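Novice: model-v4.txt is reproduced in full below (compact mmCIF, C-alpha atoms).
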```
# COMPACT_ATOMS: atom_id res chain seq x y z
CA MET W 1 -1.44 -13.51 2.87
CA ASN W 2 -0.33 -13.25 6.49
CA GLY W 3 2.48 -11.01 5.34
CA ALA W 4 -0.03 -8.64 3.78
CA ARG W 5 -2.04 -8.51 6.96
CA TRP W 6 1.09 -7.87 8.99
CA VAL W 7 2.11 -4.94 6.76
CA GLN W 8 -1.34 -3.38 7.16
CA GLN W 9 -1.38 -3.74 10.94
CA GLN W 10 2.25 -3.14 11.84
CA ILE W 11 3.39 -0.69 9.17
CA LEU W 12 0.47 1.19 7.65
CA ASP W 13 -1.64 1.38 10.79
CA THR W 14 1.42 2.45 12.79
CA TYR W 15 2.12 5.40 10.46
CA PRO W 16 -1.32 6.50 9.27
CA ARG W 17 -0.22 9.91 7.98
CA ALA W 18 3.25 9.07 6.71
CA ALA W 19 4.37 9.63 3.13
CA LEU W 20 4.47 5.92 2.55
CA LYS W 21 3.36 4.07 -0.56
CA VAL W 22 2.86 0.35 -0.99
CA TYR W 23 2.59 -1.52 -4.28
CA ALA W 24 0.99 -4.89 -3.70
CA VAL W 25 1.64 -7.13 -6.68
CA TRP W 26 -0.45 -10.30 -6.51
CA TYR W 27 -0.04 -13.44 -8.57
CA ALA W 28 -0.82 -17.12 -8.45
CA MET W 29 1.78 -19.30 -6.78
CA TYR W 30 -0.42 -22.09 -5.41
CA PRO W 31 -2.89 -24.20 -7.41
CA SER W 32 -5.69 -22.64 -5.37
CA ASP W 33 -4.59 -19.10 -6.25
CA ALA W 34 -6.70 -17.04 -8.64
CA ARG W 35 -7.51 -13.41 -9.22
CA GLU W 36 -10.97 -14.07 -7.80
CA ARG W 37 -9.40 -15.13 -4.50
CA TRP W 38 -7.90 -11.67 -3.94
CA ARG W 39 -9.20 -10.12 -0.72
CA PRO W 40 -8.97 -6.33 -0.52
CA SER W 41 -9.65 -6.52 3.21
CA LEU W 42 -6.11 -7.77 3.83
CA LEU W 43 -4.58 -4.43 2.79
CA PRO W 44 -7.35 -1.83 2.81
CA ASP W 45 -5.13 1.22 3.33
CA PRO W 46 -5.64 3.84 0.59
CA ARG W 47 -1.88 4.20 0.23
CA VAL W 48 -1.75 0.71 -1.25
CA GLU W 49 -2.01 0.15 -5.00
CA HIS W 50 -3.05 -3.38 -5.89
CA TRP W 51 -1.97 -5.08 -9.10
CA TRP W 52 -2.76 -8.51 -10.52
CA ASP W 53 0.23 -9.90 -12.40
CA GLU W 54 -1.12 -12.84 -14.37
CA ARG W 55 2.21 -13.76 -15.95
CA ARG W 56 4.26 -13.11 -12.79
CA VAL W 57 6.52 -10.74 -14.69
CA VAL W 58 7.29 -8.63 -11.60
CA GLY W 59 8.40 -11.55 -9.46
CA THR W 60 10.60 -12.83 -12.28
CA ARG W 61 12.15 -9.48 -13.15
CA LEU W 62 12.74 -8.20 -9.63
CA LEU W 63 14.47 -11.42 -8.66
CA LYS W 64 17.02 -10.71 -11.40
CA GLU W 65 17.26 -7.05 -10.45
CA LEU W 66 18.04 -8.03 -6.86
CA ALA W 67 21.16 -9.98 -7.86
CA PRO W 68 23.55 -7.09 -7.02
CA TYR W 69 21.82 -6.50 -3.71
CA GLN W 70 22.22 -9.80 -1.92
CA ALA W 71 23.97 -8.00 0.92
CA ARG W 72 20.78 -6.04 1.52
CA ARG W 73 18.75 -9.13 2.29
CA ALA W 74 17.16 -8.53 5.68
CA PRO W 75 18.33 -10.37 8.78
CA GLY W 76 15.95 -13.25 9.37
CA SER W 77 15.18 -13.52 5.67
CA LYS W 78 15.25 -17.03 4.21
CA GLU W 79 17.34 -18.24 1.31
CA PHE W 80 15.45 -17.94 -1.96
CA ARG W 81 15.97 -20.61 -4.62
CA GLU W 82 12.94 -20.34 -6.89
CA GLU W 83 12.54 -18.61 -10.25
CA VAL W 84 9.77 -16.23 -9.22
CA LEU W 85 10.22 -14.07 -6.14
CA TRP W 86 7.11 -14.00 -3.97
CA ASP W 87 6.01 -13.56 -0.36
CA ALA W 88 8.69 -10.92 -0.31
CA TYR W 89 9.13 -7.21 0.27
CA LEU W 90 11.46 -4.58 -1.15
CA LEU W 91 11.83 -1.33 0.80
CA PHE W 92 12.98 1.86 -0.97
CA ASP W 93 13.77 5.19 0.58
CA ALA W 94 12.37 8.53 -0.55
CA ARG W 95 15.44 9.29 -2.68
CA ALA W 96 15.18 6.13 -4.79
CA THR W 97 14.55 6.72 -8.49
CA TRP W 98 13.77 3.95 -10.96
CA GLY W 99 15.65 4.63 -14.18
CA THR W 100 16.73 1.94 -16.60
CA SER W 101 17.07 -0.50 -13.74
CA MET W 102 15.49 -0.89 -10.35
CA PRO W 103 17.08 1.31 -7.67
CA ALA W 104 18.94 -0.17 -4.74
CA PRO W 105 16.51 -1.17 -2.03
CA VAL W 106 17.16 -0.24 1.58
CA SER W 107 16.51 -3.90 2.19
CA TRP W 108 14.49 -6.81 0.88
CA GLY W 109 13.25 -9.92 2.57
CA TYR W 110 11.73 -13.34 2.06
CA THR W 111 9.38 -14.27 3.56
CA ILE W 112 7.69 -11.08 4.72
CA LEU W 113 7.01 -12.59 8.11
CA ALA W 114 10.48 -14.04 8.47
CA ALA W 115 12.00 -10.61 7.79
CA ARG W 116 9.35 -8.56 9.55
CA GLU W 117 11.49 -7.34 12.42
CA ALA W 118 14.03 -5.83 10.02
CA LEU W 119 11.26 -4.32 7.89
CA ALA W 120 9.61 -2.71 10.90
CA ARG W 121 12.93 -1.34 12.15
CA GLN W 122 13.92 0.07 8.77
CA VAL W 123 10.54 1.65 8.10
CA ALA W 124 10.78 3.31 11.51
CA GLU W 125 14.16 4.68 10.51
CA GLN W 126 12.71 6.02 7.24
CA MET W 127 9.89 7.69 9.16
CA ARG W 128 12.39 9.35 11.49
CA ARG W 129 14.23 10.75 8.48
CA GLN W 130 10.99 12.09 7.03
CA ARG W 131 10.39 14.07 10.22
CA GLN W 132 13.86 15.62 10.23
CA MET C 1 -27.37 44.67 9.90
CA ILE C 2 -29.55 41.56 9.52
CA SER C 3 -33.06 42.33 8.46
CA ALA C 4 -36.11 40.95 10.18
CA ALA C 5 -36.99 39.01 7.03
CA VAL C 6 -33.60 37.25 6.99
CA ARG C 7 -33.87 36.43 10.70
CA SER C 8 -37.36 35.08 10.12
CA ALA C 9 -36.20 32.89 7.23
CA ALA C 10 -33.28 31.56 9.26
CA ALA C 11 -35.57 30.71 12.14
CA ALA C 12 -37.94 28.90 9.79
CA ILE C 13 -35.09 26.84 8.32
CA ALA C 14 -33.80 25.97 11.78
CA ALA C 15 -37.27 24.89 12.86
CA ALA C 16 -37.66 22.73 9.75
CA VAL C 17 -34.31 21.05 10.40
CA VAL C 18 -35.36 20.25 13.97
CA LEU C 19 -38.63 18.81 12.71
CA MET C 20 -36.72 16.60 10.26
CA GLY C 21 -34.70 15.11 13.08
CA GLY C 22 -31.47 17.03 13.23
CA THR C 23 -28.98 18.99 11.21
CA PRO C 24 -28.46 18.40 7.49
CA ALA C 25 -25.06 16.92 8.34
CA ALA C 26 -26.67 14.47 10.72
CA GLN C 27 -28.90 13.31 7.86
CA ALA C 28 -25.96 12.47 5.57
CA PRO C 29 -25.32 8.78 5.01
CA PRO C 30 -22.33 7.37 6.88
CA ALA C 31 -19.06 7.54 5.01
CA THR C 32 -17.94 4.21 3.56
CA PRO C 33 -14.28 3.33 3.02
CA LEU C 34 -13.02 3.48 -0.53
CA GLN C 35 -13.06 0.11 -2.18
CA ALA C 36 -9.62 -1.03 -3.27
CA ILE C 37 -9.17 -1.77 -6.96
CA LEU C 38 -7.12 -4.63 -8.37
CA HIS C 39 -5.44 -3.30 -11.49
CA SER C 40 -4.15 -5.60 -14.20
CA LEU C 41 -0.42 -5.48 -14.70
CA GLU C 42 1.07 -6.67 -17.97
CA ARG C 43 4.55 -5.20 -17.84
CA VAL C 44 7.07 -4.26 -15.16
CA GLU C 45 7.13 -0.77 -16.66
CA GLU C 46 3.66 -0.16 -15.21
CA LEU C 47 5.03 -0.69 -11.73
CA GLN C 48 8.01 1.46 -12.63
CA ALA C 49 5.71 4.30 -13.72
CA ALA C 50 3.75 4.13 -10.47
CA PHE C 51 6.99 4.09 -8.52
CA ARG C 52 8.23 7.20 -10.33
CA LYS C 53 4.94 8.99 -9.73
CA ASP C 54 5.54 8.59 -6.00
CA ASP C 55 9.13 9.80 -5.96
CA GLY C 56 9.92 11.48 -2.66
CA GLN C 57 8.03 8.92 -0.59
CA THR C 58 9.19 5.82 1.20
CA ARG C 59 7.97 2.93 -0.95
CA ILE C 60 7.46 -0.77 -0.35
CA VAL C 61 6.89 -3.35 -3.06
CA LEU C 62 5.08 -6.45 -1.82
CA LEU C 63 5.02 -9.63 -3.87
CA LEU C 64 2.05 -11.69 -2.75
CA SER C 65 -0.18 -14.60 -3.56
CA PRO C 66 -3.86 -14.51 -2.64
CA THR C 67 -4.03 -17.74 -0.62
```
Is it possible to express this structure as structure tokens?
Specialist:
Amino acid sequence: MNGARWVQQQILDTYPRAALKVYAVWYAMYPSDARERWRPSLLPDPRVEHWWDERRVVGTRLLKELAPYQARRAPGSKEFREEVLWDAYLLFDARATWGTSMPAPVSWGYTILAAREALARQVAEQMRRQRQ
Amino acid sequence: MISAAVRSAAAAIAAAVVLMGGTPAAQAPPATPLQAILHSLERVEELQAAFRKDDGQTRIVLLLSPT
């Protein structure tokens, strides 16, 4: 939740006109979690698409897809030992294409707040490349 | 050349707008931000399709819980 707010304030608000897209995939990880608890005010930017993943298929699948990309785990990111990836980000550059498997991320991090400095730095680098 | 009738009509419209309290634009309701929608996702391929649709952009996938 705090990670979502941080992305809105420090990424999306910082680059209001950038060609930047965010897919926010929400699912229940705590007993108190439910679709009805979703708060659109955390990530109100129109460049965000929100999805509710009842069966947590994205967190399960992307954790497996990330296996070859352990070296791209962001500095500051914590070790992840669960079966469903969550409170995490995956950053992809403009050239990434998703074919039969997920493309290589520029970086990924867990938790979002723990890896936020790397995410901010790498998004800034992507924005510089867009302007060139 | 603008005819006297057209000028007269324009003046009448302008006067009516002033009487109503301002310009038509000033009467429009304030814009409200678009309300975000929470789509249901059943398969990873739905995320994949959205990702492909936005090829050419920097993209971030966030995996989140609501509380």
Novice: Could you work out which residues of chain W fall inside 8 Å of chain C? Count all atoms listed in the file, and format the result as a PyMOL selection string.
Specialist: chain W and resi 1+4+19-30+32-35+37-40+44+46+49-55+57-59+61+85-98+126
Novice: To one decimal in Å, tell me the separation between CA of Gly99 in chain W and CA of Gln130 in chain W.
Specialist: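 Computed distance, CA of Gly99 in chain W to CA of Gln130 in chain W, equals 23.0 Å.
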Novice: Env of Ala71 in chain W: 9 Å cut, atoms = only C-alpha atoms, seq-sep filter 3 positions within chain, self excluded. Answer as a PyMOL selection string.
Specialist: chain W and resi 68+74+107
Novice: Between W:Gly76, W:Thr60, W:Ser101, W:Val106, which residue has the minimum interatomic distance to Glu125 in chain W, considering only C-alpha atoms?
Specialist: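 That would be W:Val106, the residue with the smallest distance to Glu125 in chain W.
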Novice: In terms of the shortest atom-to-atom distance over all atoms listed in the file, which of W:Arg47, W:Arg116, W:Arg81, W:Lys64 is closest to Tyr15 in chain W?
Specialist: W:Arg47
Novice: What's the separation between CA of Val7 in chain W and CA of Leu62 in chain W, in Å to one decimal place?
Specialist: 19.8 Å
Novice: What separation in Å, quoted to one decimal, exists between CA of Ala114 in chain W and CA of Lys78 in chain W?
Specialist: 7.1 Å
